[in-house]
>>> print(open('run.pdb').read())   # PDB, C-alpha atoms
MODEL        1
ATOM      1  CA  MET A   1     152.190 -57.555  38.496
ATOM      2  CA  GLU A   2     150.659 -57.225  35.081
ATOM      3  CA  PRO A   3     150.791 -60.462  33.056
ATOM      4  CA  ALA A   4     152.365 -58.665  30.093
ATOM      5  CA  ALA A   5     155.172 -57.296  32.270
ATOM      6  CA  ALA A   6     155.729 -60.688  33.889
ATOM      7  CA  LYS A   7     155.977 -62.218  30.426
ATOM      8  CA  LEU A   8     158.704 -59.794  29.354
ATOM      9  CA  ILE A   9     160.648 -60.241  32.606
ATOM     10  CA  GLY A  10     160.391 -64.015  32.279
ATOM     11  CA  ALA A  11     161.658 -63.876  28.707
ATOM     12  CA  GLY A  12     164.590 -61.765  29.857
ATOM     13  CA  ILE A  13     165.429 -64.197  32.646
ATOM     14  CA  ALA A  14     165.216 -67.158  30.253
ATOM     15  CA  CYS A  15     167.883 -65.528  28.078
ATOM     16  CA  ILE A  16     170.417 -65.857  30.929
ATOM     17  CA  ALA A  17     170.808 -69.444  29.700
ATOM     18  CA  LEU A  18     172.844 -68.012  26.813
ATOM     19  CA  ALA A  19     175.577 -66.991  29.275
ATOM     20  CA  GLY A  20     176.211 -70.680  29.866
ATOM     21  CA  ALA A  21     176.427 -71.280  26.140
ATOM     22  CA  GLY A  22     178.975 -68.468  25.896
ATOM     23  CA  VAL A  23     181.120 -69.996  28.643
ATOM     24  CA  GLY A  24     180.850 -73.411  27.008
ATOM     25  CA  ILE A  25     181.805 -72.228  23.514
ATOM     26  CA  GLY A  26     184.681 -70.200  24.952
ATOM     27  CA  THR A  27     185.965 -73.204  26.891
ATOM     28  CA  ILE A  28     185.779 -75.463  23.850
ATOM     29  CA  PHE A  29     187.570 -73.110  21.461
ATOM     30  CA  GLY A  30     190.081 -72.029  24.094
ATOM     31  CA  ASN A  31     191.013 -75.579  24.986
ATOM     32  CA  TYR A  32     191.153 -76.585  21.320
ATOM     33  CA  LEU A  33     193.511 -73.699  20.597
ATOM     34  CA  ALA A  34     195.682 -74.526  23.595
ATOM     35  CA  GLY A  35     195.848 -78.162  22.554
ATOM     36  CA  ALA A  36     196.438 -77.302  18.904
ATOM     37  CA  LEU A  37     199.368 -75.024  19.756
ATOM     38  CA  ARG A  38     200.988 -77.719  21.874
ATOM     39  CA  ASN A  39     200.542 -80.433  19.265
ATOM     40  CA  PRO A  40     199.680 -78.929  15.871
ATOM     41  CA  ALA A  41     200.013 -82.305  14.144
ATOM     42  CA  ALA A  42     197.087 -83.764  16.070
ATOM     43  CA  ALA A  43     194.859 -80.705  15.623
ATOM     44  CA  PRO A  44     193.176 -81.419  12.235
ATOM     45  CA  ALA A  45     191.988 -84.828  13.395
ATOM     46  CA  GLN A  46     190.171 -83.244  16.324
ATOM     47  CA  PHE A  47     188.468 -80.536  14.253
ATOM     48  CA  PRO A  48     185.208 -82.525  13.813
ATOM     49  CA  ASN A  49     185.084 -82.993  17.582
ATOM     50  CA  LEU A  50     185.547 -79.239  17.985
ATOM     51  CA  LEU A  51     182.567 -78.535  15.737
ATOM     52  CA  LEU A  52     180.486 -81.171  17.508
ATOM     53  CA  GLY A  53     181.322 -79.716  20.915
ATOM     54  CA  PHE A  54     180.595 -76.204  19.675
ATOM     55  CA  ALA A  55     177.175 -77.220  18.378
ATOM     56  CA  LEU A  56     176.293 -79.163  21.523
ATOM     57  CA  ALA A  57     177.315 -76.263  23.785
ATOM     58  CA  GLU A  58     175.473 -73.723  21.657
ATOM     59  CA  ALA A  59     172.314 -75.831  21.607
ATOM     60  CA  THR A  60     171.967 -75.936  25.393
ATOM     61  CA  GLY A  61     171.973 -72.147  25.476
ATOM     62  CA  LEU A  62     169.463 -72.002  22.661
ATOM     63  CA  PHE A  63     167.036 -74.126  24.683
ATOM     64  CA  GLY A  64     166.811 -71.107  26.999
ATOM     65  CA  LEU A  65     166.294 -68.804  24.035
ATOM     66  CA  VAL A  66     163.438 -71.017  22.839
ATOM     67  CA  VAL A  67     161.788 -70.630  26.240
ATOM     68  CA  ALA A  68     162.145 -66.859  25.894
ATOM     69  CA  LEU A  69     160.657 -66.861  22.387
ATOM     70  CA  ILE A  70     157.763 -69.079  23.494
ATOM     71  CA  LEU A  71     157.069 -66.643  26.333
ATOM     72  CA  LEU A  72     157.141 -63.687  23.950
ATOM     73  CA  PHE A  73     155.253 -65.027  20.962
ATOM     74  CA  VAL A  74     153.240 -68.103  21.942
ATOM     75  CA  ILE A  75     151.853 -67.604  25.456
TER      76      ILE A  75
ATOM     77  CA  MET B  76     167.025 -44.102  20.274
ATOM     78  CA  ALA B  77     165.370 -45.534  17.223
ATOM     79  CA  ALA B  78     167.072 -48.860  17.880
ATOM     80  CA  GLU B  79     165.633 -48.996  21.384
ATOM     81  CA  GLU B  80     162.195 -48.281  20.041
ATOM     82  CA  ALA B  81     162.651 -51.013  17.479
ATOM     83  CA  ALA B  82     163.856 -53.419  20.162
ATOM     84  CA  SER B  83     160.848 -52.781  22.347
ATOM     85  CA  GLY B  84     158.666 -52.997  19.278
ATOM     86  CA  ALA B  85     160.002 -56.451  18.499
ATOM     87  CA  ALA B  86     158.582 -57.726  21.771
ATOM     88  CA  HIS B  87     155.116 -56.573  20.820
ATOM     89  CA  HIS B  88     154.687 -58.745  17.755
ATOM     90  CA  GLY B  89     156.622 -56.384  15.555
ATOM     91  CA  GLY B  90     154.436 -53.406  16.285
ATOM     92  CA  GLY B  91     156.329 -50.277  15.254
ATOM     93  CA  LEU B  92     159.015 -52.422  13.651
ATOM     94  CA  ALA B  93     159.205 -52.284   9.867
ATOM     95  CA  ILE B  94     159.734 -56.052   9.711
ATOM     96  CA  ASP B  95     157.887 -58.606  11.799
ATOM     97  CA  PRO B  96     160.671 -61.091  12.683
ATOM     98  CA  MET B  97     158.188 -63.949  13.079
ATOM     99  CA  HIS B  98     156.407 -63.453   9.770
ATOM    100  CA  GLN B  99     158.967 -65.600   7.925
ATOM    101  CA  PHE B 100     157.894 -68.692   9.867
ATOM    102  CA  ARG B 101     154.247 -68.451   8.850
ATOM    103  CA  VAL B 102     152.944 -71.538   7.070
ATOM    104  CA  GLU B 103     150.675 -70.539   4.199
ATOM    105  CA  THR B 104     148.420 -72.825   2.234
ATOM    106  CA  ILE B 105     149.181 -72.925  -1.470
ATOM    107  CA  PHE B 106     146.351 -75.252  -2.387
ATOM    108  CA  PRO B 107     144.053 -76.855   0.162
ATOM    109  CA  ILE B 108     143.683 -80.636   0.468
ATOM    110  CA  HIS B 109     141.343 -82.107   3.064
ATOM    111  CA  PHE B 110     140.885 -85.729   4.107
ATOM    112  CA  GLY B 111     137.777 -85.588   6.266
ATOM    113  CA  ASN B 112     138.834 -83.478   9.239
ATOM    114  CA  ILE B 113     142.542 -83.762   8.503
ATOM    115  CA  ASP B 114     144.107 -80.708   6.908
ATOM    116  CA  ALA B 115     146.727 -82.075   4.513
ATOM    117  CA  SER B 116     147.058 -78.903   2.448
ATOM    118  CA  PHE B 117     150.030 -78.270   0.206
ATOM    119  CA  THR B 118     151.774 -75.389   1.996
ATOM    120  CA  ASN B 119     154.901 -73.352   1.444
ATOM    121  CA  ALA B 120     156.624 -75.734   3.889
ATOM    122  CA  SER B 121     155.747 -78.701   1.659
ATOM    123  CA  LEU B 122     156.902 -76.747  -1.389
ATOM    124  CA  TRP B 123     160.343 -76.006   0.086
ATOM    125  CA  MET B 124     160.716 -79.603   1.287
ATOM    126  CA  LEU B 125     159.963 -80.764  -2.257
ATOM    127  CA  ILE B 126     162.484 -78.273  -3.662
ATOM    128  CA  ALA B 127     165.142 -79.496  -1.212
ATOM    129  CA  ALA B 128     164.481 -83.153  -2.023
ATOM    130  CA  GLY B 129     164.419 -82.353  -5.753
ATOM    131  CA  LEU B 130     167.715 -80.464  -5.616
ATOM    132  CA  VAL B 131     169.451 -83.303  -3.754
ATOM    133  CA  THR B 132     168.160 -85.769  -6.330
ATOM    134  CA  LEU B 133     169.237 -83.510  -9.181
ATOM    135  CA  LEU B 134     172.694 -83.028  -7.670
ATOM    136  CA  THR B 135     173.327 -86.738  -7.309
ATOM    137  CA  ILE B 136     171.758 -87.852 -10.604
ATOM    138  CA  VAL B 137     172.976 -85.049 -12.874
ATOM    139  CA  GLY B 138     176.274 -84.767 -10.974
ATOM    140  CA  MET B 139     177.099 -88.419 -11.415
ATOM    141  CA  GLY B 140     175.558 -88.645 -14.886
ATOM    142  CA  SER B 141     178.792 -88.173 -16.809
ATOM    143  CA  ARG B 142     180.874 -90.452 -14.522
ATOM    144  CA  SER B 143     184.067 -88.990 -15.918
ATOM    145  CA  LEU B 144     187.421 -89.941 -14.440
ATOM    146  CA  VAL B 145     188.309 -86.272 -13.946
ATOM    147  CA  PRO B 146     185.194 -84.871 -12.288
ATOM    148  CA  GLY B 147     183.603 -81.605 -13.288
ATOM    149  CA  ARG B 148     182.266 -79.118 -10.769
ATOM    150  CA  LEU B 149     178.899 -80.779 -10.164
ATOM    151  CA  GLN B 150     180.415 -84.244 -10.031
ATOM    152  CA  SER B 151     183.019 -83.003  -7.546
ATOM    153  CA  VAL B 152     180.289 -81.717  -5.234
ATOM    154  CA  ALA B 153     178.394 -84.991  -5.458
ATOM    155  CA  GLU B 154     181.549 -87.031  -4.821
ATOM    156  CA  LEU B 155     182.667 -84.751  -1.978
ATOM    157  CA  SER B 156     179.357 -85.061  -0.178
ATOM    158  CA  TYR B 157     179.371 -88.827  -0.688
ATOM    159  CA  GLU B 158     182.871 -89.115   0.747
ATOM    160  CA  PHE B 159     182.087 -86.740   3.581
ATOM    161  CA  VAL B 160     179.138 -88.802   4.814
ATOM    162  CA  SER B 161     180.863 -92.114   4.160
ATOM    163  CA  ASN B 162     183.939 -91.036   6.176
ATOM    164  CA  MET B 163     181.698 -89.789   8.975
ATOM    165  CA  LEU B 164     179.895 -93.125   9.074
ATOM    166  CA  ARG B 165     183.128 -95.132   8.961
ATOM    167  CA  ASP B 166     184.759 -93.083  11.754
ATOM    168  CA  ASN B 167     181.778 -93.276  14.078
ATOM    169  CA  VAL B 168     180.109 -96.602  13.383
ATOM    170  CA  GLY B 169     182.754 -98.671  11.622
ATOM    171  CA  ASP B 170     182.145-101.214   8.900
ATOM    172  CA  ALA B 171     178.821-102.310  10.399
ATOM    173  CA  GLY B 172     177.440 -98.875   9.531
ATOM    174  CA  LYS B 173     177.930 -99.304   5.772
ATOM    175  CA  ARG B 174     174.409-100.543   5.172
ATOM    176  CA  PHE B 175     172.998 -97.407   6.828
ATOM    177  CA  PHE B 176     174.852 -95.119   4.438
ATOM    178  CA  PRO B 177     171.809 -94.356   2.215
ATOM    179  CA  PHE B 178     169.772 -93.362   5.259
ATOM    180  CA  VAL B 179     172.406 -91.083   6.795
ATOM    181  CA  PHE B 180     173.299 -89.569   3.416
ATOM    182  CA  THR B 181     169.643 -88.759   2.647
ATOM    183  CA  LEU B 182     169.159 -87.317   6.109
ATOM    184  CA  PHE B 183     172.290 -85.175   5.966
ATOM    185  CA  MET B 184     171.636 -83.856   2.467
ATOM    186  CA  PHE B 185     167.971 -83.116   3.173
ATOM    187  CA  VAL B 186     168.706 -81.201   6.383
ATOM    188  CA  LEU B 187     171.648 -79.411   4.759
ATOM    189  CA  PHE B 188     169.601 -78.333   1.741
ATOM    190  CA  CYS B 189     166.651 -77.249   3.882
ATOM    191  CA  ASN B 190     168.998 -75.150   6.045
ATOM    192  CA  MET B 191     170.827 -73.664   3.069
ATOM    193  CA  LEU B 192     167.662 -72.912   1.079
ATOM    194  CA  GLY B 193     166.402 -71.101   4.161
ATOM    195  CA  MET B 194     169.316 -68.672   3.864
ATOM    196  CA  MET B 195     167.918 -67.344   0.585
ATOM    197  CA  PRO B 196     165.863 -64.166   0.967
ATOM    198  CA  TYR B 197     162.085 -64.705   0.714
ATOM    199  CA  SER B 198     162.482 -68.450   1.088
ATOM    200  CA  PHE B 199     161.061 -70.613   3.838
ATOM    201  CA  THR B 200     163.211 -72.492   6.363
ATOM    202  CA  VAL B 201     161.567 -75.885   6.773
ATOM    203  CA  THR B 202     163.882 -76.907   9.626
ATOM    204  CA  SER B 203     162.844 -73.881  11.703
ATOM    205  CA  HIS B 204     159.609 -75.699  12.494
ATOM    206  CA  ILE B 205     159.792 -78.085  15.425
ATOM    207  CA  ILE B 206     157.290 -80.494  13.908
ATOM    208  CA  VAL B 207     159.597 -81.166  10.946
ATOM    209  CA  THR B 208     162.717 -81.706  13.031
ATOM    210  CA  PHE B 209     160.800 -83.677  15.638
ATOM    211  CA  ALA B 210     159.378 -85.988  12.986
ATOM    212  CA  LEU B 211     162.914 -86.625  11.677
ATOM    213  CA  ALA B 212     164.364 -87.085  15.159
ATOM    214  CA  SER B 213     161.609 -89.378  16.426
ATOM    215  CA  PHE B 214     161.927 -91.520  13.301
ATOM    216  CA  ILE B 215     165.657 -91.868  13.990
ATOM    217  CA  PHE B 216     164.990 -92.627  17.654
ATOM    218  CA  ILE B 217     162.381 -95.310  16.956
ATOM    219  CA  ALA B 218     164.422 -96.867  14.145
ATOM    220  CA  VAL B 219     167.576 -96.985  16.271
ATOM    221  CA  THR B 220     165.718 -98.520  19.213
ATOM    222  CA  ILE B 221     164.180-101.209  16.997
ATOM    223  CA  LEU B 222     167.606-101.839  15.483
ATOM    224  CA  GLY B 223     169.125-102.220  18.945
ATOM    225  CA  PHE B 224     166.534-104.811  19.938
ATOM    226  CA  ALA B 225     166.847-106.581  16.589
ATOM    227  CA  VAL B 226     170.635-106.878  16.905
ATOM    228  CA  HIS B 227     170.975-107.622  20.623
ATOM    229  CA  GLY B 228     167.530-108.911  21.566
ATOM    230  CA  LEU B 229     166.634-108.343  25.212
ATOM    231  CA  HIS B 230     170.347-107.967  25.910
ATOM    232  CA  PHE B 231     169.882-104.387  24.658
ATOM    233  CA  PHE B 232     168.556-103.479  28.125
ATOM    234  CA  HIS B 233     172.148-103.802  29.363
ATOM    235  CA  PHE B 234     172.695-100.517  27.529
ATOM    236  CA  PHE B 235     171.025 -98.752  30.448
ATOM    237  CA  VAL B 236     173.293-100.382  33.038
ATOM    238  CA  PRO B 237     176.695 -98.661  33.158
ATOM    239  CA  LYS B 238     179.629-100.993  33.763
ATOM    240  CA  GLY B 239     181.940-100.769  36.771
ATOM    241  CA  VAL B 240     179.516 -98.928  39.012
ATOM    242  CA  PRO B 241     178.794 -99.844  42.674
ATOM    243  CA  VAL B 242     175.534-101.801  42.963
ATOM    244  CA  ALA B 243     174.169 -99.290  45.464
ATOM    245  CA  LEU B 244     174.263 -96.555  42.839
ATOM    246  CA  LEU B 245     172.656 -98.612  40.090
ATOM    247  CA  PRO B 246     168.952 -97.829  40.778
ATOM    248  CA  LEU B 247     169.698 -94.119  40.436
ATOM    249  CA  LEU B 248     172.003 -94.447  37.423
ATOM    250  CA  VAL B 249     169.679 -96.721  35.468
ATOM    251  CA  VAL B 250     166.871 -94.185  35.840
ATOM    252  CA  ILE B 251     169.179 -91.398  34.674
ATOM    253  CA  GLU B 252     170.375 -93.484  31.713
ATOM    254  CA  VAL B 253     166.806 -94.301  30.690
ATOM    255  CA  ILE B 254     165.742 -90.658  30.922
ATOM    256  CA  SER B 255     168.766 -89.475  28.970
ATOM    257  CA  TYR B 256     167.985 -92.097  26.319
ATOM    258  CA  LEU B 257     164.348 -91.049  26.088
ATOM    259  CA  THR B 258     165.189 -87.334  25.753
ATOM    260  CA  ARG B 259     167.337 -88.000  22.682
ATOM    261  CA  PRO B 260     164.605 -87.196  20.129
ATOM    262  CA  ILE B 261     163.747 -83.991  22.006
ATOM    263  CA  SER B 262     167.310 -82.746  22.275
ATOM    264  CA  LEU B 263     168.078 -83.753  18.684
ATOM    265  CA  SER B 264     165.048 -81.945  17.267
ATOM    266  CA  VAL B 265     165.153 -78.870  19.504
ATOM    267  CA  ARG B 266     168.855 -78.330  18.755
ATOM    268  CA  LEU B 267     168.250 -78.017  15.016
ATOM    269  CA  PHE B 268     164.973 -76.144  15.332
ATOM    270  CA  ALA B 269     166.260 -73.649  17.932
ATOM    271  CA  ASN B 270     169.422 -72.911  15.991
ATOM    272  CA  MET B 271     167.567 -72.229  12.762
ATOM    273  CA  MET B 272     164.761 -70.230  14.335
ATOM    274  CA  ALA B 273     167.027 -68.150  16.576
ATOM    275  CA  GLY B 274     169.386 -67.374  13.714
ATOM    276  CA  HIS B 275     166.659 -66.331  11.313
ATOM    277  CA  THR B 276     164.842 -64.269  13.948
ATOM    278  CA  MET B 277     168.079 -62.498  14.802
ATOM    279  CA  LEU B 278     168.731 -61.692  11.137
ATOM    280  CA  LYS B 279     165.260 -60.191  10.749
ATOM    281  CA  VAL B 280     165.492 -58.182  13.985
ATOM    282  CA  PHE B 281     168.759 -56.690  12.752
ATOM    283  CA  ALA B 282     167.169 -56.025   9.379
ATOM    284  CA  GLY B 283     164.528 -54.053  11.293
ATOM    285  CA  PHE B 284     167.301 -52.029  12.958
ATOM    286  CA  VAL B 285     168.787 -51.153   9.557
ATOM    287  CA  ILE B 286     165.529 -49.514   8.497
ATOM    288  CA  ALA B 287     164.761 -48.009  11.906
ATOM    289  CA  MET B 288     168.165 -46.326  12.224
ATOM    290  CA  GLY B 289     167.858 -44.513   8.929
ATOM    291  CA  TRP B 290     170.311 -43.612   6.171
ATOM    292  CA  PHE B 291     173.429 -42.989   8.275
ATOM    293  CA  GLY B 292     172.994 -45.057  11.440
ATOM    294  CA  GLY B 293     171.728 -48.022   9.455
ATOM    295  CA  PHE B 294     175.112 -48.984   8.039
ATOM    296  CA  LEU B 295     176.316 -50.320  11.402
ATOM    297  CA  PRO B 296     173.590 -52.974  11.782
ATOM    298  CA  LEU B 297     173.948 -53.670   8.042
ATOM    299  CA  ALA B 298     177.606 -54.570   8.585
ATOM    300  CA  PHE B 299     176.562 -56.790  11.498
ATOM    301  CA  MET B 300     173.993 -58.423   9.247
ATOM    302  CA  VAL B 301     176.595 -59.313   6.628
ATOM    303  CA  ALA B 302     178.731 -60.926   9.339
ATOM    304  CA  PHE B 303     175.736 -62.715  10.847
ATOM    305  CA  THR B 304     174.686 -64.037   7.445
ATOM    306  CA  GLY B 305     178.126 -65.609   7.104
ATOM    307  CA  LEU B 306     177.782 -67.075  10.583
ATOM    308  CA  GLU B 307     174.324 -68.387   9.760
ATOM    309  CA  ILE B 308     175.593 -70.185   6.664
ATOM    310  CA  LEU B 309     178.245 -71.793   8.875
ATOM    311  CA  VAL B 310     175.570 -72.726  11.425
ATOM    312  CA  ALA B 311     173.323 -74.124   8.684
ATOM    313  CA  PHE B 312     176.088 -76.503   7.629
ATOM    314  CA  LEU B 313     177.172 -77.237  11.185
ATOM    315  CA  GLN B 314     173.717 -78.184  12.373
ATOM    316  CA  ALA B 315     173.179 -80.549   9.445
ATOM    317  CA  TYR B 316     176.576 -82.071  10.272
ATOM    318  CA  VAL B 317     175.742 -82.391  13.973
ATOM    319  CA  PHE B 318     172.350 -83.915  13.149
ATOM    320  CA  ALA B 319     174.001 -86.527  10.945
ATOM    321  CA  ILE B 320     176.891 -87.249  13.303
ATOM    322  CA  LEU B 321     174.549 -87.708  16.268
ATOM    323  CA  THR B 322     172.535 -90.144  14.150
ATOM    324  CA  CYS B 323     175.796 -92.008  13.555
ATOM    325  CA  ILE B 324     176.566 -92.005  17.285
ATOM    326  CA  TYR B 325     173.094 -93.350  18.089
ATOM    327  CA  LEU B 326     173.503 -96.025  15.406
ATOM    328  CA  ASN B 327     176.835 -96.957  16.947
ATOM    329  CA  ASP B 328     175.223 -97.228  20.383
ATOM    330  CA  ALA B 329     172.540 -99.517  19.014
ATOM    331  CA  LEU B 330     174.980-101.697  17.042
ATOM    332  CA  HIS B 331     177.867-101.937  19.508
ATOM    333  CA  MET B 332     176.287-100.877  22.805
ATOM    334  CA  HIS B 333     178.970 -99.400  25.126
TER     335      HIS B 333
ENDMDL
END
>>> encode(input="run.pdb", output="structure tokens")
Amino acid sequence: MEPAAAKLIGAGIACIALAGAGVGIGTIFGNYLAGALRNPAAAPAQFPNLLLGFALAEATGLFGLVVALILLFVI
Amino acid sequence: MAAEEAASGAAHHGGGLAIDPMHQFRVETIFPIHFGNIDASFTNASLWMLIAAGLVTLLTIVGMGSRSLVPGRLQSVAELSYEFVSNMLRDNVGDAGKRFFPFVFTLFMFVLFCNMLGMMPYSFTVTSHIIVTFALASFIFIAVTILGFAVHGLHFFHFFVPKGVPVALLPLLVVIEVISYLTRPISLSVRLFANMMAGHTMLKVFAGFVIAMGWFGGFLPLAFMVAFTGLEILVAFLQAYVFAILTCIYLNDALHMH
């Protein structure tokens, strides 16, 4: 296989990591919404935790994106 | 069709694309300074860091200059950011964290302003460079570790031994705990860097689509871009917040252990 082609395929595969981030963000917001509808009074206090969880989940997916970008632009 | 061409063009260092999405991250020397073999030139990255630090200083000094009982707009912003960080510190670290308020406040405001200044067109996003975020994160990591040893002495090593675990599992768990502790500066820096770089690259790739798709097709990616810009401003704030809150959590770990 040509190195250039392998690079592009590798970058594409690395982007699969973002699927996990999508699942994670969906789980966090879905569960927050479910919890907030059951007990709306407790919801505002948990909003910082929601943002924290969102950022943590998104970051793990972005690690994969960084690998893809390194493959495309650095190597 | 044109979009596909643009997408494939983006992979080849922006060849065929009107905008090179990676050009915005280029560090350019404004005036060269050399110490022997060390290149300490004043670059656009240094310039935007100075602007961010200057704006934070201006906001706090000018904002609190009048010290009126009924705050004006600038004073409100300064007071809001003070209260925001102070509440964050109190919720996560407790009263013992009060003396670290200046550090966390400076950190939060600097990262926030760097992220927000990066959202301006033709500006430079300092936090989209891993060396900047890694320097911040490794400073936090080293400082927190020293603090832990200063407060608890050698007892701080108990941090790596989880309580209520069968003795047979301990050799494995201690190794995992130590590794997860040592990767903190990496995860902290890569999180901020990756978010900023990915967001800005995405904006520029979509900007390339707007031009590539012409007068009529271009409005669709333009609408996406407006939405993404809003999202990016949210992310810019969120990542500064997460950076600061994780610093608080690490401080709490060092001060109170488990």
>>> resolve_selection(input="run.pdb", expression="the PyMOL selection byres ((chain B) within 10 of (chain A))", output="list in words")
Ala85, Ala86, His87, His88, Met97, Met163, Ser262, Leu263, Val265, Arg266, Leu267, Phe268, Ala269, Asn270, Met272, Ala273, Thr276, Val310, Leu313, Gln314, Tyr316, Val317, Phe318, Ile320 and Leu321 of chain B
>>> residues_around(input="run.pdb", residues="Ala57 (chain A)", least_positions_apart="6", cutoff="10 Å", atoms="all atoms listed in the file", output="list in words")
Leu18, Gly20, Ala21, Gly22, Val23, Gly24, Ile25, Gly26, Thr27, Ile28 and Leu51 of chain A
>>> residues_around(input="run.pdb", residues="Ile308 (chain B)", least_positions_apart="5", cutoff="9 Å", atoms="all atoms listed in the file", output="list in words")
Asn190, Met191, Met194, Phe303 and Leu313 of chain B
>>> write_last_selection(input="run.pdb", atoms="C-alpha atoms", output="compact mmCIF listing (two decimals), in the coordinates of the input")
# COMPACT_ATOMS: atom_id res chain seq x y z
CA ASN B 190 169.00 -75.15 6.04
CA MET B 191 170.83 -73.66 3.07
CA MET B 194 169.32 -68.67 3.86
CA PHE B 303 175.74 -62.72 10.85
CA LEU B 313 177.17 -77.24 11.18
>>> axis_aligned_box(input="run.pdb", around="region 100-108 of chain B", padding_each_side="5 Å", output="AutoDock Vina command-line options")
--center_x 150.8 --center_y -74.5 --center_z 3.7 --size_x 24.2 --size_y 22.2 --size_z 22.3
>>> resolve_selection(input="run.pdb", expression="the PyMOL selection byres ((chain B and resi 261) around 10)", output="JSON, numbers by chain")
{"B": [205, 208, 209, 212, 213, 216, 257, 258, 259, 260, 262, 263, 264, 265, 266]}
>>> write_last_selection(input="run.pdb", atoms="C-alpha atoms", output="CSV table (one decimal), keeping the file's coordinate frame")
chain,number,residue,atom,x,y,z
B,205,ILE,CA,159.8,-78.1,15.4
B,208,THR,CA,162.7,-81.7,13.0
B,209,PHE,CA,160.8,-83.7,15.6
B,212,ALA,CA,164.4,-87.1,15.2
B,213,SER,CA,161.6,-89.4,16.4
B,216,PHE,CA,165.0,-92.6,17.7
B,257,LEU,CA,164.3,-91.0,26.1
B,258,THR,CA,165.2,-87.3,25.8
B,259,ARG,CA,167.3,-88.0,22.7
B,260,PRO,CA,164.6,-87.2,20.1
B,262,SER,CA,167.3,-82.7,22.3
B,263,LEU,CA,168.1,-83.8,18.7
B,264,SER,CA,165.0,-81.9,17.3
B,265,VAL,CA,165.2,-78.9,19.5
B,266,ARG,CA,168.9,-78.3,18.8
>>> atom_distance(input="run.pdb", atom1="CA of Val236 (chain B)", atom2="CA of Asn167 (chain B)")
22.0 Å
>>> resolve_selection(input="run.pdb", expression="the PyMOL selection byres ((chain B and resi 103) around 8)", output="short mmCIF file (atom, residue, chain, number, x, y, z; two decimals) with C-alpha atoms, in the coordinates of the input")
data_model
loop_
_atom_site.label_atom_id
_atom_site.label_comp_id
_atom_site.auth_asym_id
_atom_site.auth_seq_id
_atom_site.Cartn_x
_atom_site.Cartn_y
_atom_site.Cartn_z
CA ARG B 101 154.25 -68.45 8.85
CA VAL B 102 152.94 -71.54 7.07
CA THR B 104 148.42 -72.82 2.23
CA ILE B 105 149.18 -72.92 -1.47
CA THR B 118 151.77 -75.39 2.00
CA ASN B 119 154.90 -73.35 1.44
CA ALA B 120 156.62 -75.73 3.89
#
>>> residues_around(input="run.pdb", residues="region 226-228 of chain B", least_positions_apart="5", cutoff="12 Å", atoms="all atoms listed in the file", output="CSV table (one decimal) with C-alpha atoms, keeping the file's coordinate frame")
chain,number,residue,atom,x,y,z
B,171,ALA,CA,178.8,-102.3,10.4
B,219,VAL,CA,167.6,-97.0,16.3
B,220,THR,CA,165.7,-98.5,19.2
B,221,ILE,CA,164.2,-101.2,17.0
B,233,HIS,CA,172.1,-103.8,29.4
B,234,PHE,CA,172.7,-100.5,27.5
B,326,LEU,CA,173.5,-96.0,15.4
B,327,ASN,CA,176.8,-97.0,16.9
B,328,ASP,CA,175.2,-97.2,20.4
B,329,ALA,CA,172.5,-99.5,19.0
B,330,LEU,CA,175.0,-101.7,17.0
B,331,HIS,CA,177.9,-101.9,19.5
B,332,MET,CA,176.3,-100.9,22.8
>>> atom_distance(input="run.pdb", atom1="CA of Gly305 (chain B)", atom2="CA of Leu187 (chain B)")
15.4 Å
>>> residues_around(input="run.pdb", residues="Asp166 (chain B)", least_positions_apart="3", cutoff="12 Å", atoms="all atoms listed in the file", output="short mmCIF file (atom, residue, chain, number, x, y, z; two decimals) with C-alpha atoms, in the frame of the given file")
data_model
loop_
_atom_site.label_atom_id
_atom_site.label_comp_id
_atom_site.auth_asym_id
_atom_site.auth_seq_id
_atom_site.Cartn_x
_atom_site.Cartn_y
_atom_site.Cartn_z
CA ALA A 45 191.99 -84.83 13.40
CA PRO A 48 185.21 -82.52 13.81
CA ASN A 49 185.08 -82.99 17.58
CA GLU B 158 182.87 -89.12 0.75
CA PHE B 159 182.09 -86.74 3.58
CA VAL B 160 179.14 -88.80 4.81
CA SER B 161 180.86 -92.11 4.16
CA ASN B 162 183.94 -91.04 6.18
CA MET B 163 181.70 -89.79 8.98
CA GLY B 169 182.75 -98.67 11.62
CA ASP B 170 182.14 -101.21 8.90
CA ALA B 171 178.82 -102.31 10.40
CA GLY B 172 177.44 -98.88 9.53
CA LYS B 173 177.93 -99.30 5.77
CA ILE B 320 176.89 -87.25 13.30
CA CYS B 323 175.80 -92.01 13.56
CA ILE B 324 176.57 -92.00 17.28
CA ASN B 327 176.84 -96.96 16.95
#
>>> atom_distance(input="run.pdb", atom1="CA of Leu130 (chain B)", atom2="CA of Ala153 (chain B)")
11.6 Å
>>> decode(input="run.pdb", residues="region 294-307 of chain B", atoms="C-alpha atoms", output="compact mmCIF listing (two decimals), in the first residue's frame")
# COMPACT_ATOMS: atom_id res chain seq x y z
CA PHE B 294 -25.36 29.64 2.11
CA LEU B 295 -25.88 26.19 3.63
CA PRO B 296 -22.35 25.84 5.05
CA LEU B 297 -22.53 29.53 6.02
CA ALA B 298 -25.56 28.79 8.19
CA PHE B 299 -23.68 25.86 9.71
CA MET B 300 -20.75 28.17 10.38
CA VAL B 301 -22.91 30.63 12.30
CA ALA B 302 -24.20 27.77 14.46
CA PHE B 303 -20.71 26.34 14.92
CA THR B 304 -19.34 29.74 15.93
CA GLY B 305 -21.95 29.87 18.68
CA LEU B 306 -20.98 26.36 19.74
CA GLU B 307 -17.31 27.30 19.71
